[in-house]
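The next block is model-v3.cif, given as mmCIF, C-alpha atoms and all ligand atoms.
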data_upload
#
loop_
_atom_site.group_PDB
_atom_site.id
_atom_site.type_symbol
_atom_site.label_atom_id
_atom_site.label_comp_id
_atom_site.auth_asym_id
_atom_site.auth_seq_id
_atom_site.Cartn_x
_atom_site.Cartn_y
_atom_site.Cartn_z
ATOM 1 C CA MET A 1 -109.261 -109.602 49.596
ATOM 2 C CA LYS A 2 -108.852 -110.826 53.190
ATOM 3 C CA ARG A 3 -110.764 -108.800 55.796
ATOM 4 C CA ILE A 4 -108.945 -108.175 59.065
ATOM 5 C CA ALA A 5 -110.277 -106.487 62.211
ATOM 6 C CA VAL A 6 -107.837 -104.671 64.489
ATOM 7 C CA ILE A 7 -109.138 -104.110 68.016
ATOM 8 C CA GLY A 8 -107.695 -100.961 69.624
ATOM 9 C CA GLY A 9 -106.577 -97.618 68.222
ATOM 10 C CA GLY A 10 -103.430 -97.018 70.292
ATOM 11 C CA ILE A 11 -99.966 -96.997 68.726
ATOM 12 C CA THR A 12 -99.976 -100.811 68.460
ATOM 13 C CA GLY A 13 -103.351 -101.012 66.695
ATOM 14 C CA ILE A 14 -102.735 -98.093 64.335
ATOM 15 C CA THR A 15 -99.249 -99.279 63.284
ATOM 16 C CA THR A 16 -100.659 -102.800 62.817
ATOM 17 C CA ALA A 17 -103.513 -101.478 60.650
ATOM 18 C CA TYR A 18 -101.020 -99.401 58.641
ATOM 19 C CA THR A 19 -98.728 -102.331 57.830
ATOM 20 C CA LEU A 20 -101.644 -104.673 57.040
ATOM 21 C CA ALA A 21 -103.215 -102.074 54.715
ATOM 22 C CA LYS A 22 -99.861 -101.630 52.946
ATOM 23 C CA ARG A 23 -99.840 -105.401 52.386
ATOM 24 C CA GLY A 24 -103.164 -105.054 50.550
ATOM 25 C CA LEU A 25 -105.539 -106.358 53.236
ATOM 26 C CA ASP A 26 -109.002 -104.919 53.866
ATOM 27 C CA VAL A 27 -108.640 -103.562 57.430
ATOM 28 C CA THR A 28 -111.162 -102.255 59.971
ATOM 29 C CA VAL A 29 -110.049 -100.683 63.283
ATOM 30 C CA TYR A 30 -112.351 -100.715 66.328
ATOM 31 C CA GLU A 31 -111.634 -98.101 68.981
ATOM 32 C CA LYS A 32 -113.944 -97.346 71.888
ATOM 33 C CA HIS A 33 -112.913 -93.668 72.139
ATOM 34 C CA ARG A 34 -113.841 -91.003 69.589
ATOM 35 C CA TYR A 35 -110.213 -90.684 68.425
ATOM 36 C CA ALA A 36 -107.066 -92.762 68.213
ATOM 37 C CA ALA A 37 -104.465 -92.748 71.022
ATOM 38 C CA MET A 38 -106.653 -91.749 73.958
ATOM 39 C CA GLU A 39 -105.391 -94.287 76.516
ATOM 40 C CA THR A 40 -101.757 -95.352 77.122
ATOM 41 C CA SER A 41 -100.714 -93.832 73.790
ATOM 42 C CA PHE A 42 -102.130 -90.458 74.854
ATOM 43 C CA ALA A 43 -98.927 -89.448 76.646
ATOM 44 C CA ASN A 44 -95.802 -91.268 77.760
ATOM 45 C CA GLY A 45 -92.139 -90.563 78.474
ATOM 46 C CA GLY A 46 -91.676 -89.618 74.817
ATOM 47 C CA GLN A 47 -88.576 -91.769 74.431
ATOM 48 C CA LEU A 48 -87.704 -93.648 71.259
ATOM 49 C CA SER A 49 -85.021 -95.395 73.209
ATOM 50 C CA ALA A 50 -83.395 -98.606 72.070
ATOM 51 C CA SER A 51 -81.031 -97.928 74.998
ATOM 52 C CA ASN A 52 -83.858 -98.917 77.374
ATOM 53 C CA ALA A 53 -84.115 -102.402 75.863
ATOM 54 C CA GLU A 54 -82.770 -104.116 78.983
ATOM 55 C CA VAL A 55 -85.505 -106.563 80.015
ATOM 56 C CA TRP A 56 -86.712 -106.356 83.616
ATOM 57 C CA ASN A 57 -86.451 -110.091 84.276
ATOM 58 C CA ASN A 58 -83.728 -110.225 86.899
ATOM 59 C CA TRP A 59 -83.603 -110.670 90.680
ATOM 60 C CA GLN A 60 -82.599 -107.026 91.255
ATOM 61 C CA THR A 61 -85.967 -105.920 89.800
ATOM 62 C CA ILE A 62 -87.798 -108.220 92.199
ATOM 63 C CA ILE A 63 -85.809 -106.936 95.222
ATOM 64 C CA LYS A 64 -86.342 -103.335 94.056
ATOM 65 C CA GLY A 65 -90.084 -103.998 93.545
ATOM 66 C CA MET A 66 -90.403 -105.407 97.080
ATOM 67 C CA LYS A 67 -88.592 -102.401 98.595
ATOM 68 C CA TRP A 68 -90.793 -100.020 96.593
ATOM 69 C CA MET A 69 -93.911 -101.597 98.093
ATOM 70 C CA MET A 70 -92.999 -99.769 101.329
ATOM 71 C CA HIS A 71 -92.978 -96.346 99.588
ATOM 72 C CA SER A 72 -96.186 -94.634 98.512
ATOM 73 C CA ASP A 73 -94.224 -92.451 96.044
ATOM 74 C CA ALA A 74 -92.448 -95.430 94.374
ATOM 75 C CA PRO A 75 -92.034 -95.219 90.565
ATOM 76 C CA LEU A 76 -93.733 -98.609 90.278
ATOM 77 C CA LEU A 77 -96.121 -100.141 92.797
ATOM 78 C CA VAL A 78 -97.388 -103.719 92.961
ATOM 79 C CA ASN A 79 -100.765 -104.171 94.588
ATOM 80 C CA PRO A 80 -100.151 -107.107 96.982
ATOM 81 C CA LYS A 81 -103.744 -108.410 96.702
ATOM 82 C CA PRO A 82 -103.314 -111.876 95.144
ATOM 83 C CA SER A 83 -105.175 -113.140 92.080
ATOM 84 C CA TRP A 84 -104.586 -116.195 89.932
ATOM 85 C CA HIS A 85 -103.565 -113.962 87.001
ATOM 86 C CA LYS A 86 -101.054 -112.033 89.138
ATOM 87 C CA LEU A 87 -99.498 -115.214 90.556
ATOM 88 C CA SER A 88 -99.187 -116.857 87.137
ATOM 89 C CA TRP A 89 -97.729 -113.600 85.739
ATOM 90 C CA PHE A 90 -95.051 -113.537 88.477
ATOM 91 C CA ALA A 91 -94.267 -117.221 87.860
ATOM 92 C CA GLU A 92 -93.734 -116.480 84.151
ATOM 93 C CA PHE A 93 -91.651 -113.402 85.049
ATOM 94 C CA ILE A 94 -89.336 -115.492 87.262
ATOM 95 C CA ALA A 95 -89.178 -118.352 84.725
ATOM 96 C CA ALA A 96 -87.816 -115.875 82.133
ATOM 97 C CA ILE A 97 -84.897 -114.730 84.356
ATOM 98 C CA PRO A 98 -82.438 -117.295 82.883
ATOM 99 C CA GLN A 99 -83.049 -115.683 79.445
ATOM 100 C CA TYR A 100 -82.231 -112.170 80.739
ATOM 101 C CA GLU A 101 -79.086 -111.715 78.593
ATOM 102 C CA LYS A 102 -80.421 -113.279 75.398
ATOM 103 C CA ASN A 103 -83.735 -111.416 75.663
ATOM 104 C CA THR A 104 -82.034 -108.056 76.302
ATOM 105 C CA THR A 105 -79.944 -108.464 73.152
ATOM 106 C CA GLU A 106 -82.970 -109.550 71.103
ATOM 107 C CA THR A 107 -85.054 -106.656 72.463
ATOM 108 C CA ALA A 108 -82.320 -104.203 71.427
ATOM 109 C CA ARG A 109 -82.372 -105.679 67.921
ATOM 110 C CA LEU A 110 -86.170 -105.372 67.816
ATOM 111 C CA ALA A 111 -86.095 -101.791 69.181
ATOM 112 C CA ILE A 112 -83.632 -100.681 66.501
ATOM 113 C CA ALA A 113 -85.818 -102.205 63.766
ATOM 114 C CA ALA A 114 -88.983 -100.659 65.276
ATOM 115 C CA ARG A 115 -87.333 -97.244 65.499
ATOM 116 C CA ASP A 116 -86.318 -97.429 61.824
ATOM 117 C CA HIS A 117 -89.915 -98.240 60.837
ATOM 118 C CA LEU A 118 -91.340 -95.372 62.915
ATOM 119 C CA PHE A 119 -88.921 -92.854 61.361
ATOM 120 C CA GLN A 120 -89.634 -94.136 57.854
ATOM 121 C CA TRP A 121 -93.417 -94.063 58.249
ATOM 122 C CA ALA A 122 -93.349 -90.538 59.712
ATOM 123 C CA GLN A 123 -91.307 -89.410 56.711
ATOM 124 C CA ASP A 124 -93.470 -91.265 54.148
ATOM 125 C CA GLU A 125 -96.722 -89.884 55.585
ATOM 126 C CA GLY A 126 -95.474 -86.394 56.491
ATOM 127 C CA ILE A 127 -96.145 -86.777 60.238
ATOM 128 C CA ASP A 128 -94.809 -84.032 62.513
ATOM 129 C CA PHE A 129 -94.527 -85.543 65.988
ATOM 130 C CA ASP A 130 -91.946 -83.203 67.537
ATOM 131 C CA LEU A 131 -89.152 -85.660 66.781
ATOM 132 C CA LYS A 132 -85.856 -84.590 68.376
ATOM 133 C CA LYS A 133 -82.815 -86.605 67.331
ATOM 134 C CA GLN A 134 -80.513 -85.516 70.155
ATOM 135 C CA GLY A 135 -79.701 -88.853 71.749
ATOM 136 C CA ILE A 136 -80.537 -90.082 75.253
ATOM 137 C CA LEU A 137 -78.231 -89.783 78.254
ATOM 138 C CA HIS A 138 -78.419 -92.215 81.183
ATOM 139 C CA ILE A 139 -76.970 -90.822 84.404
ATOM 140 C CA TYR A 140 -75.529 -92.733 87.398
ATOM 141 C CA ARG A 141 -74.865 -91.438 90.875
ATOM 142 C CA ASP A 142 -72.722 -94.380 92.055
ATOM 143 C CA LYS A 143 -70.201 -96.951 90.784
ATOM 144 C CA ALA A 144 -72.591 -99.905 91.276
ATOM 145 C CA GLY A 145 -75.200 -98.362 88.941
ATOM 146 C CA PHE A 146 -72.564 -97.404 86.395
ATOM 147 C CA ASP A 147 -70.976 -100.897 86.449
ATOM 148 C CA HIS A 148 -74.370 -102.549 85.916
ATOM 149 C CA ALA A 149 -75.041 -100.201 82.976
ATOM 150 C CA SER A 150 -71.631 -101.085 81.590
ATOM 151 C CA ASN A 151 -72.623 -104.778 81.481
ATOM 152 C CA VAL A 152 -75.981 -103.876 79.915
ATOM 153 C CA SER A 153 -74.118 -101.893 77.229
ATOM 154 C CA LYS A 154 -72.321 -105.087 76.159
ATOM 155 C CA LEU A 155 -75.664 -106.898 75.727
ATOM 156 C CA LEU A 156 -77.100 -103.933 73.772
ATOM 157 C CA ALA A 157 -73.971 -103.817 71.596
ATOM 158 C CA ALA A 158 -74.501 -107.510 70.739
ATOM 159 C CA GLY A 159 -77.949 -106.449 69.444
ATOM 160 C CA GLY A 160 -76.365 -103.705 67.306
ATOM 161 C CA LEU A 161 -76.775 -100.664 69.587
ATOM 162 C CA GLU A 162 -73.866 -98.351 70.218
ATOM 163 C CA ARG A 163 -73.836 -96.393 73.472
ATOM 164 C CA ARG A 164 -70.722 -94.888 74.955
ATOM 165 C CA PRO A 165 -69.586 -94.165 78.515
ATOM 166 C CA VAL A 166 -69.303 -90.461 79.361
ATOM 167 C CA THR A 167 -67.602 -88.642 82.235
ATOM 168 C CA PRO A 168 -69.527 -86.204 84.478
ATOM 169 C CA GLU A 169 -67.866 -83.332 82.547
ATOM 170 C CA GLU A 170 -69.016 -84.741 79.174
ATOM 171 C CA MET A 171 -72.504 -85.269 80.630
ATOM 172 C CA LYS A 172 -72.715 -81.573 81.515
ATOM 173 C CA SER A 173 -71.624 -80.549 78.033
ATOM 174 C CA ILE A 174 -74.306 -82.859 76.504
ATOM 175 C CA GLU A 175 -76.947 -81.566 78.947
ATOM 176 C CA PRO A 176 -75.885 -78.146 80.316
ATOM 177 C CA THR A 177 -78.851 -77.946 82.724
ATOM 178 C CA LEU A 178 -77.635 -81.030 84.618
ATOM 179 C CA ALA A 179 -76.878 -80.154 88.266
ATOM 180 C CA GLY A 180 -75.463 -82.255 91.102
ATOM 181 C CA THR A 181 -72.700 -84.839 91.310
ATOM 182 C CA TYR A 182 -72.559 -88.021 89.271
ATOM 183 C CA TYR A 183 -70.277 -91.026 88.923
ATOM 184 C CA GLY A 184 -70.716 -91.182 85.139
ATOM 185 C CA GLY A 185 -73.168 -91.899 82.367
ATOM 186 C CA PHE A 186 -73.917 -93.584 79.065
ATOM 187 C CA TYR A 187 -74.902 -91.674 75.964
ATOM 188 C CA THR A 188 -76.842 -93.235 73.070
ATOM 189 C CA GLU A 189 -76.547 -90.842 70.161
ATOM 190 C CA SER A 190 -78.999 -92.738 67.914
ATOM 191 C CA ASP A 191 -81.898 -92.456 70.414
ATOM 192 C CA SER A 192 -84.488 -89.700 70.222
ATOM 193 C CA THR A 193 -87.723 -88.338 71.644
ATOM 194 C CA GLY A 194 -91.144 -87.598 70.167
ATOM 195 C CA ASP A 195 -94.845 -87.229 70.901
ATOM 196 C CA ILE A 196 -96.642 -90.601 70.799
ATOM 197 C CA HIS A 197 -100.107 -88.994 70.557
ATOM 198 C CA LYS A 198 -99.156 -86.839 67.547
ATOM 199 C CA PHE A 199 -97.417 -89.792 65.871
ATOM 200 C CA THR A 200 -100.371 -92.174 66.366
ATOM 201 C CA ASN A 201 -102.903 -89.577 65.210
ATOM 202 C CA GLY A 202 -100.832 -88.716 62.153
ATOM 203 C CA LEU A 203 -100.664 -92.398 61.227
ATOM 204 C CA ALA A 204 -104.405 -92.765 61.978
ATOM 205 C CA ASP A 205 -105.036 -90.092 59.288
ATOM 206 C CA ALA A 206 -102.710 -92.010 56.942
ATOM 207 C CA ILE A 207 -104.608 -95.290 57.366
ATOM 208 C CA GLN A 208 -107.863 -93.534 56.508
ATOM 209 C CA ARG A 209 -106.241 -92.201 53.325
ATOM 210 C CA ARG A 210 -105.231 -95.781 52.557
ATOM 211 C CA GLY A 211 -108.843 -96.992 52.833
ATOM 212 C CA VAL A 212 -108.818 -98.480 56.352
ATOM 213 C CA LYS A 213 -112.253 -98.242 57.980
ATOM 214 C CA THR A 214 -111.967 -96.658 61.454
ATOM 215 C CA ASN A 215 -114.871 -97.526 63.712
ATOM 216 C CA TYR A 216 -114.226 -94.922 66.427
ATOM 217 C CA GLY A 217 -116.669 -94.868 69.313
ATOM 218 C CA HIS A 218 -117.200 -98.626 68.939
ATOM 219 C CA THR A 219 -116.591 -100.800 72.013
ATOM 220 C CA VAL A 220 -115.919 -104.428 71.177
ATOM 221 C CA THR A 221 -118.097 -106.468 73.502
ATOM 222 C CA GLU A 222 -117.502 -109.960 72.180
ATOM 223 C CA LEU A 223 -115.064 -111.855 69.959
ATOM 224 C CA SER A 224 -115.314 -115.374 68.624
ATOM 225 C CA ALA A 225 -113.521 -117.384 65.986
ATOM 226 C CA ASP A 226 -113.253 -120.752 64.318
ATOM 227 C CA ALA A 227 -110.540 -122.114 62.017
ATOM 228 C CA SER A 228 -111.454 -119.818 59.097
ATOM 229 C CA SER A 229 -113.485 -116.861 60.369
ATOM 230 C CA ALA A 230 -113.740 -114.416 63.240
ATOM 231 C CA TRP A 231 -116.723 -112.455 64.515
ATOM 232 C CA VAL A 232 -116.558 -109.045 66.160
ATOM 233 C CA THR A 233 -119.525 -107.707 68.099
ATOM 234 C CA SER A 234 -119.389 -104.012 68.930
ATOM 235 C CA PHE A 235 -121.577 -101.339 70.472
ATOM 236 C CA ASP A 236 -121.502 -97.700 69.355
ATOM 237 C CA GLY A 237 -123.684 -96.361 72.147
ATOM 238 C CA LYS A 238 -126.876 -96.837 70.151
ATOM 239 C CA GLU A 239 -126.801 -100.236 68.528
ATOM 240 C CA GLN A 240 -124.952 -103.513 68.550
ATOM 241 C CA THR A 241 -123.417 -104.863 65.309
ATOM 242 C CA ARG A 242 -121.734 -108.143 64.464
ATOM 243 C CA GLU A 243 -119.279 -108.366 61.550
ATOM 244 C CA THR A 244 -117.442 -111.323 60.054
ATOM 245 C CA TYR A 245 -113.705 -111.209 59.254
ATOM 246 C CA ASP A 246 -110.989 -113.567 58.075
ATOM 247 C CA GLY A 247 -108.849 -112.667 61.077
ATOM 248 C CA VAL A 248 -108.538 -110.458 64.148
ATOM 249 C CA VAL A 249 -105.539 -108.727 65.741
ATOM 250 C CA ILE A 250 -106.068 -107.716 69.361
ATOM 251 C CA CYS A 251 -104.186 -104.507 70.262
ATOM 252 C CA ALA A 252 -106.467 -103.407 73.086
ATOM 253 C CA GLY A 253 -103.795 -102.583 75.673
ATOM 254 C CA VAL A 254 -104.921 -103.539 79.155
ATOM 255 C CA GLY A 255 -108.197 -104.826 77.637
ATOM 256 C CA SER A 256 -106.373 -107.385 75.468
ATOM 257 C CA ARG A 257 -106.236 -110.275 77.909
ATOM 258 C CA ALA A 258 -109.992 -110.401 78.519
ATOM 259 C CA LEU A 259 -110.795 -110.070 74.797
ATOM 260 C CA ALA A 260 -108.267 -112.711 73.768
ATOM 261 C CA ALA A 261 -109.591 -115.114 76.393
HETATM 262 C C1 LIG A 301 -96.049 -93.719 82.345
HETATM 263 C C2 LIG A 301 -95.622 -94.394 81.065
HETATM 264 C C3 LIG A 301 -94.505 -93.930 80.388
HETATM 265 C C4 LIG A 301 -94.083 -94.570 79.213
HETATM 266 N N1 LIG A 301 -93.008 -94.103 78.534
HETATM 267 C C5 LIG A 301 -92.627 -94.665 77.372
HETATM 268 C C6 LIG A 301 -91.560 -94.133 76.607
HETATM 269 O O1 LIG A 301 -90.942 -93.135 76.962
HETATM 270 N N2 LIG A 301 -91.219 -94.747 75.444
HETATM 271 C C7 LIG A 301 -91.905 -95.876 75.009
HETATM 272 O O2 LIG A 301 -91.544 -96.417 73.948
HETATM 273 N N3 LIG A 301 -92.934 -96.392 75.709
HETATM 274 C C8 LIG A 301 -93.321 -95.804 76.857
HETATM 275 N N4 LIG A 301 -94.385 -96.306 77.536
HETATM 276 C C9 LIG A 301 -95.102 -97.457 76.973
HETATM 277 C C10 LIG A 301 -96.007 -97.058 75.787
HETATM 278 O O3 LIG A 301 -96.584 -95.784 75.983
HETATM 279 C C11 LIG A 301 -97.081 -98.135 75.638
HETATM 280 O O4 LIG A 301 -96.449 -99.401 75.482
HETATM 281 C C12 LIG A 301 -97.984 -97.903 74.443
HETATM 282 O O5 LIG A 301 -98.596 -96.626 74.467
HETATM 283 C C13 LIG A 301 -99.072 -98.986 74.430
HETATM 284 O O6 LIG A 301 -99.820 -98.818 73.255
HETATM 285 P P1 LIG A 301 -101.000 -99.826 72.932
HETATM 286 O O7 LIG A 301 -101.526 -99.466 71.605
HETATM 287 O O8 LIG A 301 -100.523 -101.219 73.147
HETATM 288 O O9 LIG A 301 -102.076 -99.563 74.084
HETATM 289 P P2 LIG A 301 -103.096 -98.321 74.230
HETATM 290 O O10 LIG A 301 -102.488 -97.057 73.762
HETATM 291 O O11 LIG A 301 -103.620 -98.369 75.613
HETATM 292 O O12 LIG A 301 -104.212 -98.694 73.186
HETATM 293 C C14 LIG A 301 -105.182 -99.678 73.409
HETATM 294 C C15 LIG A 301 -106.476 -99.149 72.819
HETATM 295 O O13 LIG A 301 -107.443 -100.187 72.820
HETATM 296 C C16 LIG A 301 -108.699 -99.587 73.061
HETATM 297 N N5 LIG A 301 -109.611 -100.631 73.576
HETATM 298 C C17 LIG A 301 -109.437 -101.380 74.689
HETATM 299 N N6 LIG A 301 -110.469 -102.237 74.840
HETATM 300 C C18 LIG A 301 -111.309 -102.001 73.786
HETATM 301 C C19 LIG A 301 -112.569 -102.562 73.385
HETATM 302 N N7 LIG A 301 -113.176 -103.530 74.088
HETATM 303 N N8 LIG A 301 -113.154 -102.080 72.256
HETATM 304 C C20 LIG A 301 -112.568 -101.093 71.526
HETATM 305 N N9 LIG A 301 -111.377 -100.524 71.877
HETATM 306 C C21 LIG A 301 -110.772 -100.980 72.982
HETATM 307 C C22 LIG A 301 -108.400 -98.512 74.106
HETATM 308 O O14 LIG A 301 -109.396 -97.506 74.113
HETATM 309 C C23 LIG A 301 -107.055 -97.988 73.624
HETATM 310 O O15 LIG A 301 -107.161 -96.846 72.792
HETATM 311 C C24 LIG A 301 -94.817 -95.696 78.718
HETATM 312 C C25 LIG A 301 -95.952 -96.135 79.401
HETATM 313 C C26 LIG A 301 -96.355 -95.496 80.543
HETATM 314 C C27 LIG A 301 -97.586 -95.990 81.245
#

Would you encode the structure as structure tokens?
Amino acid sequence: MKRIAVIGGGITGITTAYTLAKRGLDVTVYEKHRYAAMETSFANGGQLSASNAEVWNNWQTIIKGMKWMMHSDAPLLVNPKPSWHKLSWFAEFIAAIPQYEKNTTETARLAIAARDHLFQWAQDEGIDFDLKKQGILHIYRDKAGFDHASNVSKLLAAGGLERRPVTPEEMKSIEPTLAGTYYGGFYTESDSTGDIHKFTNGLADAIQRRGVKTNYGHTVTELSADASSAWVTSFDGKEQTRETYDGVVICAGVGSRALAA
């Protein structure tokens, strides 16, 4: 049986380990924390939202990002200090702008498929993650925002996602606590919300039941590979171990780039 190491116990690593184990592979997860889902997958916006599949690669994002750099309370802040990685990342970001439409449609398709898998796995493994299937409502204060969303809806529809325009009155009946004045909105009935930490931990229990070895508290310090094998060196706070595998999947979040390099 092929032995695969998965580095990282966030939602990406745990779902990867789950699908590999179901395919009959011998899987080991390395996670530096004592439990799964203790970094980005600890808490997020809670959205299972195919309606947010619009990719960010367009000039408006860049203009918005530059304006936000003047506001300390911006929702997203770019540190202007240059580095080779940051410059090459921005170059790749700009180079992908011509694929904005195609990539948005493909991302919607991928999001719908991912959502179906997550629902199915939660049901198969009996995971309660506070799933609420009540749809997601996007709200717009002006015509320009609403018109842009209307164009995005066409791209999402090409990927198989239905979301419908709603008037301010309909918005208030969908979400009675909504206050203020709006131009209009878009409602995606098939979207939902849930707790990423509960989901990932529930699936982490499921992989253990399926025989996956979970090396919690193990920090991977070195990776190497040749054409047929891979070696994982890890440290558990007391001793360093080196194991041999047939393959490695790196799901280490912000740590992935350094490990993959
Ligand atoms: C503020 C915010 C809101 C968000 N809202 C949403 C939302 O509403 N809906 C949505 O779908 N997505 C949302 N996201 C994105 C989503 O939460 C992340 O994409 C997802 O959690 C990333 O999971 P991951 O497994 O890739 O990374 P992580 O959860 O960060 O997992 C990586 C793991 O690798 C481990 N690791 C790293 N290096 C090593 C090493 N050397 N050795 C061993 N282990 C290591 C880390 O400890 C960590 O547990 C949001 C993100 C943020 C930041």

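Here the PyMOL selection byres (((chain A and resi 171) around 9) and not hetatm) captures the residues Leu137, Ile139, Val166, Thr167, Pro168, Glu169, Glu170, Lys172, Ser173, Ile174, Glu175, Pro176, Leu178, Gly184, Gly185, Phe186 and Tyr187 of chain A.
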
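Using only C-alpha atoms and all ligand atoms, we find that the residues with an atom at most 6 Å from any atom of ligand LIG 301 (chain A) are A:Ile7, A:Gly8, A:Gly9, A:Gly10, A:Ile11, A:Thr12, A:Gly13, A:Tyr30, A:Glu31, A:Lys32, A:His33, A:Ala37, A:Met38, A:Glu39, A:Thr40, A:Ser41, A:Asn44, A:Gly45, A:Gly46, A:Gln47, A:Leu48, A:His218, A:Thr219, A:Val220, A:Thr221, A:Cys251, A:Ala252, A:Gly253, A:Gly255.
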
Output as JSON lines one row per residue of range 127-166 of chain A within 12 Å of range 51-57 of chain A: the closest atom pair and its distance in Å to one decimal place, counting only C-alpha atoms, sorted by chain and residue number ascending.
{"residue": "A:Gly135", "atom": "CA", "partner": "A:Ser51", "partner_atom": "CA", "distance": 9.7}
{"residue": "A:Ile136", "atom": "CA", "partner": "A:Ser51", "partner_atom": "CA", "distance": 7.9}
{"residue": "A:Leu137", "atom": "CA", "partner": "A:Ser51", "partner_atom": "CA", "distance": 9.2}
{"residue": "A:His138", "atom": "CA", "partner": "A:Ser51", "partner_atom": "CA", "distance": 8.8}
{"residue": "A:His148", "atom": "CA", "partner": "A:Glu54", "partner_atom": "CA", "distance": 11.0}
{"residue": "A:Ala149", "atom": "CA", "partner": "A:Glu54", "partner_atom": "CA", "distance": 9.5}
{"residue": "A:Ser150", "atom": "CA", "partner": "A:Glu54", "partner_atom": "CA", "distance": 11.8}
{"residue": "A:Asn151", "atom": "CA", "partner": "A:Glu54", "partner_atom": "CA", "distance": 10.5}
{"residue": "A:Val152", "atom": "CA", "partner": "A:Glu54", "partner_atom": "CA", "distance": 6.9}
{"residue": "A:Ser153", "atom": "CA", "partner": "A:Ser51", "partner_atom": "CA", "distance": 8.3}
{"residue": "A:Lys154", "atom": "CA", "partner": "A:Glu54", "partner_atom": "CA", "distance": 10.9}
{"residue": "A:Leu155", "atom": "CA", "partner": "A:Glu54", "partner_atom": "CA", "distance": 8.3}
{"residue": "A:Leu156", "atom": "CA", "partner": "A:Ser51", "partner_atom": "CA", "distance": 7.3}
{"residue": "A:Ala157", "atom": "CA", "partner": "A:Ser51", "partner_atom": "CA", "distance": 9.8}
{"residue": "A:Gly159", "atom": "CA", "partner": "A:Ala53", "partner_atom": "CA", "distance": 9.8}
{"residue": "A:Gly160", "atom": "CA", "partner": "A:Ser51", "partner_atom": "CA", "distance": 10.7}
{"residue": "A:Leu161", "atom": "CA", "partner": "A:Ser51", "partner_atom": "CA", "distance": 7.4}
{"residue": "A:Glu162", "atom": "CA", "partner": "A:Ser51", "partner_atom": "CA", "distance": 8.6}
{"residue": "A:Arg163", "atom": "CA", "partner": "A:Ser51", "partner_atom": "CA", "distance": 7.5}
{"residue": "A:Arg164", "atom": "CA", "partner": "A:Ser51", "partner_atom": "CA", "distance": 10.7}

What are the centre and edge lengths in Å, to one decimal, of the axis-aligned box around all listed atoms of range 115-122 of chain A with 8 Å added on each side, as AutoDock Vina command-line options?
--center_x -89.9 --center_y -94.4 --center_z 61.7 --size_x 23.1 --size_y 23.7 --size_z 23.6

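You can rank A:Ala158, A:Leu118, A:Ile63, A:Ala230 by their closest distance to Leu203 in chain A using all atoms listed in the file, and at the top of that list sits A:Leu118.
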
Could you give me, as a ChimeraX atom specification, the residues that have an atom at most 8 Å away from the point (-118.7, -92.3, 64.5) in the coordinates of the file, using all atoms listed in the file?
-> /A:34,215-218,236

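When only C-alpha atoms are used to measure the gap to Ala95 in chain A, the shortest distance among A:Phe119, A:Trp59, A:Phe146, A:Phe129 belongs to A:Trp59.
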
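The residue that comes closest to Gly24 in chain A, out of A:Leu259, A:Ala43, A:Ile250, A:Val212 and on the basis of all atoms listed in the file, is A:Val212.
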
Computed interatomic separation between CA of Val249 in chain A and CA of Ala5 in chain A (Å) = 6.3 Å

Answer key for the PyMOL selection byres (((chain A and resi 181) around 9) and not hetatm), residues as a VMD selection string | chain A and resid 141 168 179 to 180 182 to 183

May I have the selected residues written with C-alpha atoms, as an mmCIF file, in the coordinates of the input?
data_model
loop_
_atom_site.group_PDB
_atom_site.id
_atom_site.type_symbol
_atom_site.label_atom_id
_atom_site.label_comp_id
_atom_site.auth_asym_id
_atom_site.auth_seq_id
_atom_site.Cartn_x
_atom_site.Cartn_y
_atom_site.Cartn_z
ATOM 1 C CA ARG A 141 -74.865 -91.438 90.875
ATOM 2 C CA PRO A 168 -69.527 -86.204 84.478
ATOM 3 C CA ALA A 179 -76.878 -80.154 88.266
ATOM 4 C CA GLY A 180 -75.463 -82.255 91.102
ATOM 5 C CA TYR A 182 -72.559 -88.021 89.271
ATOM 6 C CA TYR A 183 -70.277 -91.026 88.923
#

If the PyMOL selection byres (((chain A and resi 245) around 6) and not hetatm) is run on the structure shown, which residues does it catch, given as JSON, numbers by chain?
-> {"A": [3, 4, 229, 230, 244, 246, 247]}
